[in-house]
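Worksheet for the structure shown next.
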Amino acid sequence: MPNMPDESRREVGITAYGAYVPRRRLQRSAVHQAHAWFAPGLKGLAKGERAMANWDEDVVTMATEAARDCLGGEERGSIASLLLASTSAPFADRQNAGIVKEALNLSDAVTTLDAGGSRKAGTSALIQALRAVEGGAGETLCIAAERHRSRPASEAELLDGDGAAALLLGSDRVIARFLGAHSVSIDFVDHFRAAGAEFDYVWEARWVRDEGYLALAGKAIAAALAAFGLAGSDVDHLVAPIAARGVPEALAKATGIAAGTVADGLSARLGDCGTAHPLVMLAHVLETARPGEKILLLGFGQGADILLFEATAEIERLRRPLGVSGWLARGRSEDNYMRYLAFAGHLKLDVGMRAEFDQKQPLTALYRNRKTVLALVGGRCPRTGAIQFPKSEIGVPVDGVATTPHEDYPLADRPARILTFTADRLGYSPDPPGCYGMVEFDGGGRMVCEFTDVEPEALEVGMPMRMVFRIKAVDERRDFIRYFWKAAPAAGEA
Amino acid sequence: MPSGIKDKVAILGMGCARFGERFGDDAEQLMVEAYGEALADAGIETAQIDAAWLAVGFDAMNVGPSGIPAAMALRLPNIAVTKVENYCASGSEAFRGAVYAVASGAADIALAVGVEKLKDTGYGGLPVRTRGTTFDMIGVVGSAPGNFAQLASAYQAKHGVAREDLKRAMAHVSVKSHANGARNPKAHLRKPVTMETVLNAPIIADPLGLYDCCGVSDGAAVAIVCTPELARSLGKTDLVTVKALQLAVSNGWELQGSGWDGSYFPTTRIAASRAYQEAGISDPAGQVSLMEVHDCFSITELVTMEDLHISPEGRGWREVLDGRFDANGANPCQIDGGLKCFGHPIGASGLRMIYENYLQLLGRAGERQRQDGPVFGLSHNLGGMPNQNVAAVAIVGLEGA
């Protein structure tokens, strides 16, 4: 039976949304050009651009950015649980949601969960989270992120995009009321990837379109509408994350939903973010949805999830995040397909002896220093107010007097400015030149850190920066990822 | 206020191996080469040495831990041998140990050995290594050029110097050192270069080009010290004595505090002021005859001219261009070629600087001898990076000066 709201349940829904799209946009024409000798048939897909994660980005870092976009500078103490959905999360056994929790500096008293195993996992996690909130679970952050690796010269390489979205769910100041959900679970295998396998194995597109999207998902939408007591014409936004051209429109037609309601699939500038795409598209729709509008959200993968939301008057009062549009506007065109191959791990370059440095992470030290390393928490002297990173037992002397032990002082959301910089062509960097220097935070505190998402020639003393959670290094001998914070140009810079 | 080290210890003898890519030699041969020269200069036997200090910067990559490698290579008579490491200032640290041992009366004759065998790494430049468990999680390892290049970005911003002007001043530093190195038979690099070559070289870490960076070398240097009385009793007449030894170590203010702008070395300023006071020098620019500074990068030498209180702040780049620090200028700097051309075998460098000042003071520097009768020679040996470092300043001079 479809899950329908009734009088006894509290009103719940989305209370805030955010997104993240990596800065580089791989030009599909460049991909096609490289493969024209081998796969000339890709030409039909060689238009527009797709988002491409930097070498230091993965599902954990992108999820963190989307969550920060969603939460803004809001107090995070009321968040009771965090879910992260992805099929491309970096760790199979070290909870990825748990790393995001640390990066967001959330209370230890939260529930965290990774969801995966299907492209439907984003919407499935959302349904479970909403039902939990209905049941009184408290404020929940539901994040989905994908950095899908596809085989070079595959269609997916052109269709995919890297990105993330985050939704804050609760019952206070709901901007999109949750009206219900309907799911079907059917082992329809349009593609699969065995545990530990590198790439997907994909079945014929025409079969997926006819039997999967149009028949299976179409039927599920019809059943959901019937259960909600709605006609297709009641839907104002159809969020159907299907990259195949014309299919969302055909699906709308088949279910009586108006053609004009089909939400932008974001294929022209972002690409298909897999598990995250329903949430990414929904976050995009929420940017312009008006009070009273109904949004039907589809998740597809071994069945289908259908969720129905209704925008409330609160949506016009919400602090606007950067959102999908904001991140999309800040792109930088990338026409170097070789760089993409290297970042995606398809191309093993001669990185030289300097890269042989052993990146083994003492796990004891990481645990002791987790707030410093993962949350960028510094210290503040309670007596002088001096801010310092990292915090220490004896603070840096102020006017010749050493300061007392510090209290926690989070720096991750503090704006910063460049004090010194260089672009280093000698030291190893997966994306030379390695740019780094000293930054000083507004309000006090400073640190030497790496810069990311920068153009070396744009660096200057005084440049405004914002801190971002990124991969610092990868221990390839033991398959461990070391995360830390870097400085990136503040929005609107470079 | 301590009375200081001035004139309490004399240099009995010094030696220095030829610096360079000594692919055919181990650290052992390098130490023996420098030691042989020093021993002959001192006119003593190994059995007369009471204590020794060994400086090595990257021990894990060459000689390994402890003082044993020096004790074995030089067959020291079961005396105390202490290995010291203080980044690139290790050589000055070994000298300080030996000098303090003599000054305290604990040793009559003490030995300082600095050695580095870097050309076994397989690549140019300093080895990439850990800087500790905590640092490796939150710090930037970077490269040495990348760490020092940041001085240039901050210096330009602070003093409003155009990038091209600073590039030219930095190039002048290197052109001068190459000209000097060409006249030094023990130097690693002995080829003069032109401004054009330096300015057009590939960028290593912006804005530093290839010629703004010193390389790394294999090499060793040795000092044998004793009291002035003992030196005279051993037949020495013209004595070079230690006038000042100062070391200032960052406590985190630059890296974590507030107020440092990244364009200078507070530690060098502190060490220099203390050293001038210890040596009784009131007018550094007028009294210091020669300077050997830690020119690991051209920009380091340039800002060090200001930090040693020789050039007014913000004027160093102009005075470099004016030739003030050339071999025939008012305040010659790196008359032996410096780290840039004599070479930079880390553990040996601080001792190599003192070696040059010692030769110059005694009029034994051959073709590159400064002719105006040098009185005080200053060496500045820096370890670490601009935001966290060890600054060592040693002043040696003629007895009675």
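FYI, nothing fancy with the structure tokens labels: chains A, B, ... in order, residues from 1 per chain, ligands from 1 as they appear.
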
- request: Kindly determine which residues of chain B lie within 9 Å of chain A, considering only C-alpha atoms, and give the answer as an MDAnalysis selection string.
  value: chainID B and resid 121:123 125 127:130 133:134 136:154 157 203:207 251:253 255:258 261:263 387

Preceding selection exported with N, CA and C atoms as a tab-separated table (two decimals), in the first residue's frame:
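Writing the result to out28.tsv gives the following:
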```
chain	number	residue	atom	x	y	z
B	121	THR	N	69.83	9.75	-3.64
B	121	THR	CA	68.37	9.70	-3.58
B	121	THR	C	67.73	9.34	-4.91
B	122	GLY	N	68.44	9.59	-6.00
B	122	GLY	CA	67.87	9.28	-7.31
B	122	GLY	C	67.21	10.46	-7.98
B	123	TYR	N	67.12	11.59	-7.27
B	123	TYR	CA	66.55	12.78	-7.89
B	123	TYR	C	67.20	14.03	-7.31
B	125	GLY	N	67.47	17.93	-5.68
B	125	GLY	CA	66.75	18.61	-4.61
B	125	GLY	C	66.73	17.79	-3.34
B	127	PRO	N	65.48	15.47	-0.25
B	127	PRO	CA	64.59	14.32	-0.17
B	127	PRO	C	63.23	14.70	0.44
B	128	VAL	N	62.17	14.07	-0.05
B	128	VAL	CA	60.85	14.26	0.54
B	128	VAL	C	60.80	13.37	1.78
B	129	ARG	N	60.42	13.94	2.91
B	129	ARG	CA	60.42	13.14	4.13
B	129	ARG	C	59.29	13.59	5.06
B	130	THR	N	59.02	12.77	6.01
B	130	THR	CA	57.99	13.10	6.99
B	130	THR	C	58.46	14.26	7.86
B	133	THR	N	54.13	13.15	12.77
B	133	THR	CA	52.79	12.60	12.63
B	133	THR	C	51.72	13.68	12.53
B	134	THR	N	51.76	14.67	13.40
B	134	THR	CA	50.72	15.70	13.38
B	134	THR	C	50.87	16.58	12.14
B	136	ASP	N	52.11	15.92	9.31
B	136	ASP	CA	51.75	15.24	8.06
B	136	ASP	C	50.25	15.20	7.83
B	137	MET	N	49.46	15.38	8.88
B	137	MET	CA	48.00	15.39	8.72
B	137	MET	C	47.48	16.76	8.34
B	138	ILE	N	48.16	17.82	8.79
B	138	ILE	CA	47.57	19.16	8.63
B	138	ILE	C	48.51	20.16	7.96
B	139	GLY	N	49.75	19.77	7.72
B	139	GLY	CA	50.70	20.72	7.14
B	139	GLY	C	50.86	20.52	5.65
B	140	VAL	N	51.62	21.41	5.04
B	140	VAL	CA	51.93	21.28	3.63
B	140	VAL	C	53.40	20.89	3.53
B	141	VAL	N	53.69	19.73	3.01
B	141	VAL	CA	55.08	19.32	2.85
B	141	VAL	C	55.73	20.19	1.77
B	142	GLY	N	55.09	20.30	0.64
B	142	GLY	CA	55.60	21.16	-0.43
B	142	GLY	C	57.02	20.81	-0.80
B	143	SER	N	57.70	21.75	-1.44
B	143	SER	CA	59.11	21.58	-1.74
B	143	SER	C	59.82	22.77	-1.12
B	144	ALA	N	61.15	22.67	-0.98
B	144	ALA	CA	61.89	23.80	-0.42
B	144	ALA	C	61.68	25.07	-1.26
B	145	PRO	N	61.80	24.99	-2.59
B	145	PRO	CA	61.55	26.21	-3.38
B	145	PRO	C	60.15	26.77	-3.15
B	146	GLY	N	59.16	25.88	-3.04
B	146	GLY	CA	57.79	26.34	-2.82
B	146	GLY	C	57.63	27.04	-1.49
B	147	ASN	N	58.32	26.53	-0.48
B	147	ASN	CA	58.22	27.16	0.84
B	147	ASN	C	58.86	28.54	0.85
B	148	PHE	N	60.01	28.66	0.19
B	148	PHE	CA	60.73	29.94	0.22
B	148	PHE	C	60.20	30.94	-0.82
B	149	ALA	N	59.61	30.43	-1.89
B	149	ALA	CA	59.06	31.32	-2.91
B	149	ALA	C	58.01	32.25	-2.32
B	150	GLN	N	57.33	31.77	-1.28
B	150	GLN	CA	56.27	32.57	-0.66
B	150	GLN	C	56.79	33.88	-0.08
B	151	LEU	N	58.09	33.89	0.27
B	151	LEU	CA	58.70	35.14	0.74
B	151	LEU	C	58.54	36.22	-0.31
B	152	ALA	N	58.74	35.81	-1.57
B	152	ALA	CA	58.71	36.78	-2.66
B	152	ALA	C	57.32	37.37	-2.82
B	153	SER	N	56.28	36.51	-2.70
B	153	SER	CA	54.91	37.02	-2.86
B	153	SER	C	54.62	38.05	-1.77
B	154	ALA	N	55.05	37.75	-0.55
B	154	ALA	CA	54.77	38.67	0.56
B	154	ALA	C	55.64	39.92	0.49
B	157	ALA	N	54.21	42.26	-2.08
B	157	ALA	CA	52.98	42.91	-1.62
B	157	ALA	C	53.28	43.97	-0.56
B	203	ILE	N	60.52	28.11	-14.55
B	203	ILE	CA	60.04	28.37	-13.19
B	203	ILE	C	60.01	27.05	-12.41
B	204	ILE	N	60.54	27.10	-11.20
B	204	ILE	CA	60.50	25.92	-10.33
B	204	ILE	C	59.32	26.06	-9.36
B	205	ALA	N	59.28	27.17	-8.64
B	205	ALA	CA	58.13	27.47	-7.77
B	205	ALA	C	57.96	28.98	-7.88
B	206	ASP	N	56.89	29.37	-8.45
B	206	ASP	CA	56.67	30.77	-8.79
B	206	ASP	C	56.92	31.71	-7.60
B	207	PRO	N	57.72	32.78	-7.73
B	207	PRO	CA	58.40	33.27	-8.95
B	207	PRO	C	59.84	32.78	-9.11
B	251	ASN	N	58.94	29.77	17.57
B	251	ASN	CA	58.09	29.11	18.57
B	251	ASN	C	56.66	28.99	18.08
B	252	GLY	N	56.43	29.27	16.80
B	252	GLY	CA	55.08	29.14	16.25
B	252	GLY	C	54.40	30.47	15.99
B	253	TRP	N	55.04	31.56	16.38
B	253	TRP	CA	54.39	32.87	16.19
B	253	TRP	C	54.12	33.13	14.70
B	255	LEU	N	53.82	31.00	12.24
B	255	LEU	CA	52.88	30.03	11.67
B	255	LEU	C	51.48	30.13	12.27
B	256	GLN	N	51.41	30.43	13.56
B	256	GLN	CA	50.11	30.32	14.24
B	256	GLN	C	49.64	31.61	14.90
B	257	GLY	N	50.54	32.55	15.11
B	257	GLY	CA	50.16	33.77	15.83
B	257	GLY	C	49.55	34.79	14.89
B	258	SER	N	49.75	36.05	15.20
B	258	SER	CA	49.27	37.07	14.27
B	258	SER	C	50.29	38.20	14.21
B	261	ASP	N	53.97	38.95	8.41
B	261	ASP	CA	53.39	39.10	7.08
B	261	ASP	C	54.04	38.20	6.04
B	262	GLY	N	54.95	37.36	6.45
B	262	GLY	CA	55.53	36.38	5.51
B	262	GLY	C	56.70	36.89	4.70
B	263	SER	N	57.14	38.14	4.92
B	263	SER	CA	58.15	38.72	4.03
B	263	SER	C	59.55	38.73	4.61
B	387	ASN	N	58.19	30.11	7.59
B	387	ASN	CA	57.21	30.21	8.66
B	387	ASN	C	57.57	29.40	9.91
```

task: Run DSSP on the backbone and grab whatever in segment 45-228 of chain A lands in helix (DSSP H, G or I); send it over as a PyMOL selection string.
output: chain A and resi 45+59-71+96-103+121-134+155-159+205-228

task: Would you please give, as a PyMOL selection string, all residues of segment 132-354 of chain B that DSSP assigns to strand (DSSP E or B) based on the backbone?
output: chain B and resi 203-205+208-209+213+218-226+240-249+290-292+297+333

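Shortest separation to Arg339 of chain A among A:Asp431, A:Asp58, A:Leu45, A:Thr111 occurs at residue A:Asp431, atoms counted being only C-alpha atoms.
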
field: Distance query Leu158 of chain A at most 8 Å, only C-alpha atoms, self and fewer than 3 positions along chain excluded, as a PyMOL selection string
entry: chain A and resi 28+31+45-46+50+154-155+271

task: Identify, on the basis of only C-alpha atoms, every residue whose closest approach to Ala52 of chain B does not exceed 10 Å; exclude the query and any residue fewer than 3 positions from it along the same chain; express the result as number ranges by chain.
output: B: 49, 67, 70-71, 76, 79-83, 94-95, 97-98, 101, 107, 109-113, 223-224
